[in-house]
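Asker: query_38.cif is reproduced in full below (mmCIF, C-alpha atoms).
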```cif
data_structure
#
loop_
_atom_site.group_PDB
_atom_site.id
_atom_site.type_symbol
_atom_site.label_atom_id
_atom_site.label_comp_id
_atom_site.auth_asym_id
_atom_site.auth_seq_id
_atom_site.Cartn_x
_atom_site.Cartn_y
_atom_site.Cartn_z
ATOM 1 C CA MET M 18 195.309 141.001 9.458
ATOM 2 C CA ALA M 19 195.303 144.573 10.720
ATOM 3 C CA ASP M 20 192.669 145.533 13.257
ATOM 4 C CA PRO M 21 189.301 146.161 11.591
ATOM 5 C CA VAL M 22 188.252 149.787 11.171
ATOM 6 C CA LEU M 23 184.772 151.146 11.838
ATOM 7 C CA GLY M 24 183.016 152.659 8.846
ATOM 8 C CA ILE M 25 179.767 154.613 9.258
ATOM 9 C CA ASP M 26 177.563 155.543 6.278
ATOM 10 C CA ILE M 27 175.320 158.495 7.180
ATOM 11 C CA GLY M 28 172.224 159.034 5.053
ATOM 12 C CA GLY M 29 169.165 161.214 5.199
ATOM 13 C CA SER M 30 166.955 158.408 6.511
ATOM 14 C CA GLY M 31 169.347 155.795 7.896
ATOM 15 C CA ILE M 32 172.816 155.344 9.354
ATOM 16 C CA LYS M 33 174.643 152.074 8.597
ATOM 17 C CA ALA M 34 177.883 150.878 10.145
ATOM 18 C CA ASN M 35 180.209 147.910 10.300
ATOM 19 C CA LEU M 36 183.779 146.914 11.031
ATOM 20 C CA VAL M 37 185.870 146.471 7.894
ATOM 21 C CA ASP M 38 189.029 144.575 7.036
ATOM 22 C CA VAL M 39 190.587 147.392 5.013
ATOM 23 C CA ASP M 40 193.217 145.062 3.519
ATOM 24 C CA LEU M 41 190.526 142.996 1.821
ATOM 25 C CA GLY M 42 187.629 145.449 1.693
ATOM 26 C CA ASP M 43 185.402 143.010 3.551
ATOM 27 C CA PRO M 44 182.976 143.762 6.404
ATOM 28 C CA VAL M 45 183.919 141.495 9.299
ATOM 29 C CA GLY M 46 180.948 141.850 11.621
ATOM 30 C CA GLU M 47 177.198 142.183 11.541
ATOM 31 C CA ARG M 48 175.991 145.411 9.975
ATOM 32 C CA TYR M 49 174.286 147.777 12.395
ATOM 33 C CA LYS M 50 171.618 150.216 11.226
ATOM 34 C CA VAL M 51 169.660 152.942 12.976
ATOM 35 C CA GLU M 52 167.354 155.668 11.769
ATOM 36 C CA THR M 53 168.721 159.130 11.150
ATOM 37 C CA PRO M 54 167.191 161.450 13.769
ATOM 38 C CA GLN M 55 164.554 163.866 12.553
ATOM 39 C CA PRO M 56 165.193 166.706 12.356
ATOM 40 C CA SER M 57 168.695 165.682 11.359
ATOM 41 C CA VAL M 58 170.454 168.609 13.036
ATOM 42 C CA PRO M 59 174.194 168.234 13.741
ATOM 43 C CA GLU M 60 173.956 167.707 17.490
ATOM 44 C CA ALA M 61 171.304 164.989 17.166
ATOM 45 C CA VAL M 62 173.215 163.116 14.468
ATOM 46 C CA ALA M 63 176.445 163.383 16.477
ATOM 47 C CA GLU M 64 174.751 161.751 19.465
ATOM 48 C CA VAL M 65 173.662 158.847 17.269
ATOM 49 C CA ILE M 66 177.177 158.484 15.856
ATOM 50 C CA ALA M 67 178.518 158.298 19.428
ATOM 51 C CA SER M 68 176.021 155.532 20.195
ATOM 52 C CA VAL M 69 177.054 153.625 17.063
ATOM 53 C CA VAL M 70 180.723 153.828 18.077
ATOM 54 C CA GLU M 71 179.795 152.630 21.557
ATOM 55 C CA HIS M 72 177.779 149.747 20.075
ATOM 56 C CA PHE M 73 180.854 148.334 18.355
ATOM 57 C CA GLY M 74 183.148 149.122 21.265
ATOM 58 C CA THR M 75 186.378 148.697 19.315
ATOM 59 C CA PRO M 76 189.305 151.124 19.567
ATOM 60 C CA GLY M 77 190.844 153.054 16.708
ATOM 61 C CA PRO M 78 189.820 155.678 14.155
ATOM 62 C CA VAL M 79 186.329 156.055 12.754
ATOM 63 C CA GLY M 80 185.376 156.883 9.172
ATOM 64 C CA CYS M 81 182.072 158.558 8.302
ATOM 65 C CA THR M 82 180.411 159.307 5.000
ATOM 66 C CA PHE M 83 178.089 162.270 4.667
ATOM 67 C CA PRO M 84 175.635 163.337 1.924
ATOM 68 C CA ALA M 85 177.286 166.697 1.317
ATOM 69 C CA VAL M 86 180.263 168.453 -0.178
ATOM 70 C CA VAL M 87 183.001 167.987 2.438
ATOM 71 C CA ARG M 88 186.056 170.245 2.497
ATOM 72 C CA ARG M 89 188.714 169.565 5.121
ATOM 73 C CA GLY M 90 186.099 168.016 7.381
ATOM 74 C CA VAL M 91 183.550 170.830 7.013
ATOM 75 C CA THR M 92 180.183 170.042 5.395
ATOM 76 C CA MET M 93 179.526 172.720 2.792
ATOM 77 C CA SER M 94 176.101 171.571 1.595
ATOM 78 C CA ALA M 95 173.183 169.535 2.922
ATOM 79 C CA ALA M 96 171.630 166.996 0.560
ATOM 80 C CA ASN M 97 168.671 165.297 2.264
ATOM 81 C CA VAL M 98 169.766 166.414 5.747
ATOM 82 C CA ASP M 99 169.018 169.509 7.838
ATOM 83 C CA GLN M 100 170.328 172.777 6.426
ATOM 84 C CA ALA M 101 172.072 173.458 9.749
ATOM 85 C CA TRP M 102 174.862 171.194 8.482
ATOM 86 C CA ILE M 103 176.048 173.830 6.022
ATOM 87 C CA GLY M 104 179.325 175.178 7.405
ATOM 88 C CA THR M 105 179.530 172.641 10.258
ATOM 89 C CA ASP M 106 182.930 171.236 11.194
ATOM 90 C CA ALA M 107 181.743 167.638 11.194
ATOM 91 C CA VAL M 108 185.145 166.190 12.065
ATOM 92 C CA ALA M 109 185.429 168.355 15.179
ATOM 93 C CA LEU M 110 181.839 167.637 16.197
ATOM 94 C CA PHE M 111 182.145 163.859 15.841
ATOM 95 C CA HIS M 112 185.526 163.849 17.583
ATOM 96 C CA LYS M 113 183.982 165.713 20.506
ATOM 97 C CA THR M 114 181.104 163.251 20.914
ATOM 98 C CA THR M 115 183.053 160.031 20.249
ATOM 99 C CA GLY M 116 186.506 160.842 21.609
ATOM 100 C CA ARG M 117 187.976 159.197 18.500
ATOM 101 C CA ALA M 118 190.003 160.339 15.525
ATOM 102 C CA VAL M 119 187.349 160.785 12.835
ATOM 103 C CA THR M 120 187.372 161.329 9.089
ATOM 104 C CA VAL M 121 184.355 162.605 7.148
ATOM 105 C CA VAL M 122 184.068 162.217 3.381
ATOM 106 C CA ASN M 123 181.366 162.706 0.782
ATOM 107 C CA ASP M 124 179.220 159.575 0.631
ATOM 108 C CA ALA M 125 179.531 158.954 -3.111
ATOM 109 C CA ASP M 126 183.279 159.602 -2.990
ATOM 110 C CA ALA M 127 183.586 156.950 -0.275
ATOM 111 C CA ALA M 128 181.581 154.441 -2.318
ATOM 112 C CA GLY M 129 183.705 155.224 -5.358
ATOM 113 C CA LEU M 130 186.957 154.715 -3.454
ATOM 114 C CA ALA M 131 185.752 151.294 -2.349
ATOM 115 C CA GLU M 132 184.647 150.280 -5.851
ATOM 116 C CA MET M 133 187.933 151.436 -7.375
ATOM 117 C CA LYS M 134 190.056 149.417 -4.955
ATOM 118 C CA PHE M 135 187.919 146.346 -4.290
ATOM 119 C CA GLY M 136 184.997 146.382 -6.723
ATOM 120 C CA ALA M 137 184.104 147.030 -10.336
ATOM 121 C CA GLY M 138 186.804 149.666 -10.838
ATOM 122 C CA ARG M 139 189.809 147.711 -9.585
ATOM 123 C CA LEU M 140 192.729 147.630 -12.016
ATOM 124 C CA ARG M 141 190.891 150.070 -14.300
ATOM 125 C CA ASP M 142 192.777 153.059 -15.673
ATOM 126 C CA GLY M 143 191.622 156.189 -17.472
ATOM 127 C CA VAL M 144 188.550 158.187 -16.484
ATOM 128 C CA VAL M 145 185.959 156.353 -14.360
ATOM 129 C CA ILE M 146 182.664 157.798 -13.142
ATOM 130 C CA CYS M 147 180.878 156.043 -10.290
ATOM 131 C CA LEU M 148 177.218 156.972 -9.837
ATOM 132 C CA THR M 149 175.004 155.988 -6.908
ATOM 133 C CA PHE M 150 171.244 155.979 -7.464
ATOM 134 C CA GLY M 151 168.871 156.198 -4.533
ATOM 135 C CA THR M 152 166.983 159.133 -3.041
ATOM 136 C CA GLY M 153 169.311 161.305 -5.112
ATOM 137 C CA ILE M 154 172.258 160.730 -7.425
ATOM 138 C CA GLY M 155 175.771 160.723 -6.014
ATOM 139 C CA SER M 156 178.929 160.785 -8.107
ATOM 140 C CA ALA M 157 182.636 160.085 -7.843
ATOM 141 C CA LEU M 158 185.087 160.943 -10.605
ATOM 142 C CA PHE M 159 188.467 159.229 -10.957
ATOM 143 C CA THR M 160 191.289 159.861 -13.380
ATOM 144 C CA HIS M 161 193.994 157.195 -13.436
ATOM 145 C CA GLY M 162 192.763 156.010 -10.040
ATOM 146 C CA VAL M 163 192.918 159.444 -8.388
ATOM 147 C CA LEU M 164 189.688 160.861 -6.936
ATOM 148 C CA VAL M 165 188.447 164.305 -7.947
ATOM 149 C CA PRO M 166 186.318 164.975 -4.834
ATOM 150 C CA ASN M 167 182.864 166.493 -4.403
ATOM 151 C CA THR M 168 181.722 166.395 -8.023
ATOM 152 C CA GLU M 169 177.949 166.268 -7.284
ATOM 153 C CA PHE M 170 176.929 165.340 -10.854
ATOM 154 C CA GLY M 171 173.439 164.578 -9.550
ATOM 155 C CA HIS M 172 172.877 168.308 -9.134
ATOM 156 C CA LEU M 173 173.555 169.186 -12.771
ATOM 157 C CA THR M 174 170.839 171.054 -14.659
ATOM 158 C CA PHE M 175 169.620 168.754 -17.422
ATOM 159 C CA GLY M 176 166.646 168.523 -19.768
ATOM 160 C CA GLY M 177 164.913 171.520 -18.253
ATOM 161 C CA HIS M 178 165.282 170.138 -14.730
ATOM 162 C CA GLU M 179 167.131 172.248 -12.185
ATOM 163 C CA SER M 180 168.667 169.082 -10.748
ATOM 164 C CA VAL M 181 168.921 165.875 -12.778
ATOM 165 C CA GLU M 182 168.381 163.758 -9.664
ATOM 166 C CA ASP M 183 164.807 165.085 -9.570
ATOM 167 C CA TRP M 184 164.286 163.363 -12.925
ATOM 168 C CA ALA M 185 166.505 160.284 -12.901
ATOM 169 C CA ALA M 186 167.139 159.179 -9.292
ATOM 170 C CA ALA M 187 165.953 155.691 -8.324
ATOM 171 C CA ARG M 188 163.424 157.390 -6.038
ATOM 172 C CA ILE M 189 161.786 158.984 -9.096
ATOM 173 C CA LYS M 190 161.243 155.576 -10.690
ATOM 174 C CA ASP M 191 159.367 154.406 -7.618
ATOM 175 C CA ASP M 192 157.499 157.638 -6.914
ATOM 176 C CA ASN M 193 156.281 157.998 -10.492
ATOM 177 C CA GLY M 194 155.728 154.312 -11.217
ATOM 178 C CA LEU M 195 158.141 154.324 -14.158
ATOM 179 C CA SER M 196 158.783 151.092 -16.013
ATOM 180 C CA TRP M 197 162.332 149.795 -16.338
ATOM 181 C CA SER M 198 162.234 150.901 -19.969
ATOM 182 C CA GLU M 199 161.174 154.441 -19.048
ATOM 183 C CA TRP M 200 163.689 154.822 -16.244
ATOM 184 C CA GLY M 201 166.419 153.140 -18.274
ATOM 185 C CA GLY M 202 165.797 155.657 -21.061
ATOM 186 C CA ARG M 203 166.265 158.521 -18.618
ATOM 187 C CA LEU M 204 169.435 156.946 -17.296
ATOM 188 C CA ASP M 205 170.750 156.536 -20.839
ATOM 189 C CA ALA M 206 170.074 160.198 -21.647
ATOM 190 C CA TYR M 207 171.897 161.258 -18.470
ATOM 191 C CA LEU M 208 174.862 158.984 -19.164
ATOM 192 C CA ASN M 209 175.104 160.304 -22.730
ATOM 193 C CA HIS M 210 175.248 163.843 -21.347
ATOM 194 C CA LEU M 211 178.086 162.926 -18.978
ATOM 195 C CA ASP M 212 179.823 161.049 -21.796
ATOM 196 C CA ARG M 213 179.797 164.146 -24.014
ATOM 197 C CA VAL M 214 181.281 166.284 -21.243
ATOM 198 C CA PHE M 215 183.839 163.930 -19.647
ATOM 199 C CA SER M 216 184.517 161.145 -22.197
ATOM 200 C CA PRO M 217 184.890 158.471 -19.501
ATOM 201 C CA ASP M 218 186.258 155.004 -20.095
ATOM 202 C CA LEU M 219 183.847 153.400 -17.629
ATOM 203 C CA PHE M 220 180.589 154.111 -15.788
ATOM 204 C CA ILE M 221 179.936 152.188 -12.568
ATOM 205 C CA ILE M 222 176.271 152.165 -11.493
ATOM 206 C CA GLY M 223 175.833 151.816 -7.741
ATOM 207 C CA GLY M 224 173.226 152.171 -5.045
ATOM 208 C CA GLY M 225 170.527 149.679 -4.196
ATOM 209 C CA ILE M 226 169.216 149.690 -7.769
ATOM 210 C CA SER M 227 172.452 148.103 -8.988
ATOM 211 C CA ARG M 228 171.007 144.757 -7.849
ATOM 212 C CA ARG M 229 168.492 145.110 -10.684
ATOM 213 C CA PHE M 230 171.075 146.004 -13.328
ATOM 214 C CA SER M 231 169.785 143.389 -15.765
ATOM 215 C CA LYS M 232 166.350 145.041 -15.695
ATOM 216 C CA PHE M 233 167.527 148.383 -17.091
ATOM 217 C CA SER M 234 170.904 147.739 -18.732
ATOM 218 C CA LYS M 235 169.222 146.662 -21.977
ATOM 219 C CA HIS M 236 167.908 150.220 -22.316
ATOM 220 C CA ILE M 237 171.365 151.824 -22.073
ATOM 221 C CA ALA M 238 172.993 152.639 -25.409
ATOM 222 C CA VAL M 239 175.701 155.118 -24.396
ATOM 223 C CA ASP M 240 179.006 154.645 -26.253
ATOM 224 C CA CYS M 241 180.917 153.763 -23.077
ATOM 225 C CA GLU M 242 181.242 150.638 -20.961
ATOM 226 C CA VAL M 243 178.629 150.526 -18.167
ATOM 227 C CA VAL M 244 178.838 147.990 -15.321
ATOM 228 C CA PRO M 245 177.048 147.474 -12.002
ATOM 229 C CA ALA M 246 178.820 148.189 -8.730
ATOM 230 C CA GLU M 247 180.057 145.083 -6.967
ATOM 231 C CA LEU M 248 180.016 146.262 -3.344
ATOM 232 C CA ARG M 249 176.521 147.769 -3.652
ATOM 233 C CA ASN M 250 175.166 149.057 -0.342
ATOM 234 C CA GLU M 251 178.362 148.104 1.524
ATOM 235 C CA ALA M 252 180.500 150.451 -0.585
ATOM 236 C CA GLY M 253 179.972 153.525 1.585
ATOM 237 C CA ILE M 254 180.868 151.678 4.779
ATOM 238 C CA VAL M 255 184.003 150.181 3.194
ATOM 239 C CA GLY M 256 185.059 153.531 1.731
ATOM 240 C CA ALA M 257 184.546 155.291 5.055
ATOM 241 C CA ALA M 258 186.743 152.722 6.798
ATOM 242 C CA MET M 259 189.385 153.108 4.092
ATOM 243 C CA ALA M 260 189.451 156.876 4.634
ATOM 244 C CA ALA M 261 189.817 156.403 8.402
ATOM 245 C CA ALA M 262 192.620 153.891 7.963
ATOM 246 C CA ALA M 263 194.495 156.380 5.770
ATOM 247 C CA LEU M 264 194.210 159.113 8.430
#
```
Once you've parsed the file, please lay out its structure as structure tokens.

Answerer:
Amino acid sequence: MADPVLGIDIGGSGIKANLVDVDLGDPVGERYKVETPQPSVPEAVAEVIASVVEHFGTPGPVGCTFPAVVRRGVTMSAANVDQAWIGTDAVALFHKTTGRAVTVVNDADAAGLAEMKFGAGRLRDGVVICLTFGTGIGSALFTHGVLVPNTEFGHLTFGGHESVEDWAAARIKDDNGLSWSEWGGRLDAYLNHLDRVFSPDLFIIGGGISRRFSKFSKHIAVDCEVVPAELRNEAGIVGAAMAAAAL
């Protein structure tokens, strides 16, 4: 077995990390979680990332996810984090504070990479759309196993809403007290919209809500196969480690 690689999943409220066997896609240690500093400005988050790396104390590259469009290591947007991240060279910043080789990828892209290699998308061809439902909606688009990065389908205008995640994210179900039938109907409408535009062969539904797939799947009638993610909340960590290992 190759040396495990550290994957760090950075979110707006929490930062999760673990060592990963990237040959098997399995976490090999105990997951470590800390709160995202508030305000979540770059320097404060970088200090926390350095402490996470120190906590594990293992050598080698580090992979980080980030809730933003990421181009060549620069964060170009700021979903649920401080706006100061826009235009920040996250790779350079994290390298400076950790002293390690660091990769930074969009959080949903990382989760999608993990699902395609080790989870619900393995051995699947054609067009696959992975969606993560939580505070917002993340997306990862694959064609014949190749990632099309930074799609951000959760920010599409839909049904009179400037951003569909403000209508159909898992957070909206909880905040508005929606039943599984009501939220499942919204999800179905959203999936039908994506189906009309992209004609995918498979939807993978991820995020914490994927554990409750049986509660809402009966309300999905889109003419496309829909399955729950298999790696669930570990997908981002695994995908981050995969990206670091490929560095």

Asker: Show me, as a list of chain:residue names, the residues that have an atom within 7 Å of M:Ser227 when counting only C-alpha atoms, minus same-chain residues fewer than 3 positions from it.

Answerer: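 Returned residues: M:Ile222, M:Gly223, M:Gly224, M:Phe230, M:Pro245, M:Ala246, M:Arg249.
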
Asker: Would you output that residue set with C-alpha atoms, as a PDB file, in the frame of the given file?

Answerer:
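Now in result.pdb:
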```
ATOM      1  CA  ILE M 222     176.271 152.165 -11.493  1.00  0.00           C
ATOM      2  CA  GLY M 223     175.833 151.816  -7.741  1.00  0.00           C
ATOM      3  CA  GLY M 224     173.226 152.171  -5.045  1.00  0.00           C
ATOM      4  CA  PHE M 230     171.075 146.004 -13.328  1.00  0.00           C
ATOM      5  CA  PRO M 245     177.048 147.474 -12.002  1.00  0.00           C
ATOM      6  CA  ALA M 246     178.820 148.189  -8.730  1.00  0.00           C
ATOM      7  CA  ARG M 249     176.521 147.769  -3.652  1.00  0.00           C
TER       8      ARG M 249
END
```

Asker: Step by step, work through what the PyMOL selection byres ((chain M and resi 114) around 12) selects in the shown file, and finish by giving those residues as a compact mmCIF listing (two decimals) with C-alpha atoms, keeping the file's coordinate frame.

Answerer:
```txt
# COMPACT_ATOMS: atom_id res chain seq x y z
CA PRO M 59 174.19 168.23 13.74
CA GLU M 60 173.96 167.71 17.49
CA ALA M 61 171.30 164.99 17.17
CA VAL M 62 173.22 163.12 14.47
CA ALA M 63 176.44 163.38 16.48
CA GLU M 64 174.75 161.75 19.46
CA VAL M 65 173.66 158.85 17.27
CA ILE M 66 177.18 158.48 15.86
CA ALA M 67 178.52 158.30 19.43
CA SER M 68 176.02 155.53 20.20
CA VAL M 69 177.05 153.62 17.06
CA VAL M 70 180.72 153.83 18.08
CA GLU M 71 179.80 152.63 21.56
CA ALA M 107 181.74 167.64 11.19
CA VAL M 108 185.14 166.19 12.06
CA ALA M 109 185.43 168.36 15.18
CA LEU M 110 181.84 167.64 16.20
CA PHE M 111 182.14 163.86 15.84
CA HIS M 112 185.53 163.85 17.58
CA LYS M 113 183.98 165.71 20.51
CA THR M 115 183.05 160.03 20.25
CA GLY M 116 186.51 160.84 21.61
CA ARG M 117 187.98 159.20 18.50
CA ALA M 118 190.00 160.34 15.52
CA VAL M 119 187.35 160.78 12.84
```

Asker: Find the residues with any atom within 12 Å of (175.2, 173.2, 0.2); use all atoms listed in the file and the coordinates as given in the file, and write the answer as a list in words.

Answerer: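 Final list of nearby residues, as requested, is Pro84, Ala85, Val86, Val87, Arg88, Val91, Thr92, Met93, Ser94, Ala95, Ala96, Asn97, Val98, Asp99, Gln100, Ala101, Trp102, Ile103, Gly104, Thr105, Asn167, Glu169 and His172 of chain M.
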
Asker: Could you write out as a PyMOL selection string the residues that the PyMOL selection byres ((chain M and resi 202) around 12) matches in the shown file?

Answerer: chain M and resi 184-185+190+195-201+203-209+232-239

Asker: Please write the residues picked by the PyMOL selection byres ((chain M and resi 129) around 9) on this file as a PyMOL selection string.

Answerer: chain M and resi 124-128+130-134+138+146-149+156-159+164+221+223+252-253+256

Asker: Quick one, how far is atom CA of M:Thr120 from atom CA of M:Ile32?

Answerer: 15.7 Å

Asker: Considering all atoms listed in the file, can you say which of M:Leu211, M:Leu219, M:Pro56, M:Asp38 comes closest to M:Phe175?

Answerer: M:Leu211

Asker: What does the distance from atom CA of M:Thr82 to atom CA of M:Pro166 come to in Å, to one decimal?

Answerer: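 If I compute the distance from atom CA of M:Thr82 to atom CA of M:Pro166, I get 12.8 Å.
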
Asker: In Å, with one decimal, what is the gap from atom CA of M:Asp43 to atom CA of M:Gly77?

Answerer: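 Calculated distance between atom CA of M:Asp43 and atom CA of M:Gly77 is 17.4 Å.
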
Asker: Set the distance at 7 Å and use only C-alpha atoms: which residues neighbour M:Val255 once local chain neighbours fewer than 3 positions away are removed? I'd like the list as a PyMOL selection string.

Answerer: chain M and resi 24+37+42+131+251-252+258-259

Asker: When distances are computed from all atoms listed in the file, which of M:Leu140, M:Val51, M:Val165, M:Val22 shows the smallest separation from M:Ala263?

Answerer: M:Val22

Asker: Reconstruct stretch 128-145 of chain M at the level of N, CA and C atoms, and format the result as a PDB file, in the coordinates of the input.

Answerer:
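The result, stored in part.pdb:
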```
ATOM      1  N   ALA M 128     182.003 155.623  -1.564  1.00  0.00           N
ATOM      2  CA  ALA M 128     181.581 154.441  -2.318  1.00  0.00           C
ATOM      3  C   ALA M 128     182.471 154.226  -3.531  1.00  0.00           C
ATOM      4  N   GLY M 129     182.831 155.330  -4.195  1.00  0.00           N
ATOM      5  CA  GLY M 129     183.705 155.224  -5.358  1.00  0.00           C
ATOM      6  C   GLY M 129     185.088 154.706  -5.001  1.00  0.00           C
ATOM      7  N   LEU M 130     185.641 155.194  -3.891  1.00  0.00           N
ATOM      8  CA  LEU M 130     186.957 154.715  -3.454  1.00  0.00           C
ATOM      9  C   LEU M 130     186.945 153.202  -3.220  1.00  0.00           C
ATOM     10  N   ALA M 131     185.863 152.727  -2.605  1.00  0.00           N
ATOM     11  CA  ALA M 131     185.752 151.294  -2.349  1.00  0.00           C
ATOM     12  C   ALA M 131     185.632 150.501  -3.648  1.00  0.00           C
ATOM     13  N   GLU M 132     184.822 150.992  -4.582  1.00  0.00           N
ATOM     14  CA  GLU M 132     184.647 150.280  -5.851  1.00  0.00           C
ATOM     15  C   GLU M 132     185.943 150.269  -6.669  1.00  0.00           C
ATOM     16  N   MET M 133     186.702 151.375  -6.593  1.00  0.00           N
ATOM     17  CA  MET M 133     187.933 151.436  -7.375  1.00  0.00           C
ATOM     18  C   MET M 133     189.016 150.504  -6.830  1.00  0.00           C
ATOM     19  N   LYS M 134     189.023 150.286  -5.526  1.00  0.00           N
ATOM     20  CA  LYS M 134     190.056 149.417  -4.955  1.00  0.00           C
ATOM     21  C   LYS M 134     189.623 147.961  -4.889  1.00  0.00           C
ATOM     22  N   PHE M 135     188.347 147.719  -4.552  1.00  0.00           N
ATOM     23  CA  PHE M 135     187.919 146.346  -4.290  1.00  0.00           C
ATOM     24  C   PHE M 135     186.783 145.862  -5.198  1.00  0.00           C
ATOM     25  N   GLY M 136     186.188 146.747  -5.970  1.00  0.00           N
ATOM     26  CA  GLY M 136     184.997 146.382  -6.723  1.00  0.00           C
ATOM     27  C   GLY M 136     185.173 146.473  -8.227  1.00  0.00           C
ATOM     28  N   ALA M 137     184.164 147.037  -8.873  1.00  0.00           N
ATOM     29  CA  ALA M 137     184.104 147.030 -10.336  1.00  0.00           C
ATOM     30  C   ALA M 137     185.178 147.881 -10.999  1.00  0.00           C
ATOM     31  N   GLY M 138     185.803 148.800 -10.243  1.00  0.00           N
ATOM     32  CA  GLY M 138     186.804 149.666 -10.838  1.00  0.00           C
ATOM     33  C   GLY M 138     188.241 149.234 -10.600  1.00  0.00           C
ATOM     34  N   ARG M 139     188.433 148.114  -9.899  1.00  0.00           N
ATOM     35  CA  ARG M 139     189.809 147.711  -9.585  1.00  0.00           C
ATOM     36  C   ARG M 139     190.570 147.381 -10.871  1.00  0.00           C
ATOM     37  N   LEU M 140     191.809 147.827 -10.889  1.00  0.00           N
ATOM     38  CA  LEU M 140     192.729 147.630 -12.016  1.00  0.00           C
ATOM     39  C   LEU M 140     192.301 148.378 -13.278  1.00  0.00           C
ATOM     40  N   ARG M 141     191.336 149.288 -13.139  1.00  0.00           N
ATOM     41  CA  ARG M 141     190.891 150.070 -14.300  1.00  0.00           C
ATOM     42  C   ARG M 141     191.606 151.411 -14.321  1.00  0.00           C
ATOM     43  N   ASP M 142     192.063 151.802 -15.495  1.00  0.00           N
ATOM     44  CA  ASP M 142     192.777 153.059 -15.673  1.00  0.00           C
ATOM     45  C   ASP M 142     191.870 154.043 -16.413  1.00  0.00           C
ATOM     46  N   GLY M 143     192.391 155.198 -16.729  1.00  0.00           N
ATOM     47  CA  GLY M 143     191.622 156.189 -17.472  1.00  0.00           C
ATOM     48  C   GLY M 143     190.651 156.934 -16.582  1.00  0.00           C
ATOM     49  N   VAL M 144     189.568 157.411 -17.189  1.00  0.00           N
ATOM     50  CA  VAL M 144     188.550 158.187 -16.484  1.00  0.00           C
ATOM     51  C   VAL M 144     187.386 157.268 -16.130  1.00  0.00           C
ATOM     52  N   VAL M 145     187.055 157.195 -14.855  1.00  0.00           N
ATOM     53  CA  VAL M 145     185.959 156.353 -14.360  1.00  0.00           C
ATOM     54  C   VAL M 145     184.989 157.236 -13.590  1.00  0.00           C
TER      55      VAL M 145
END
```
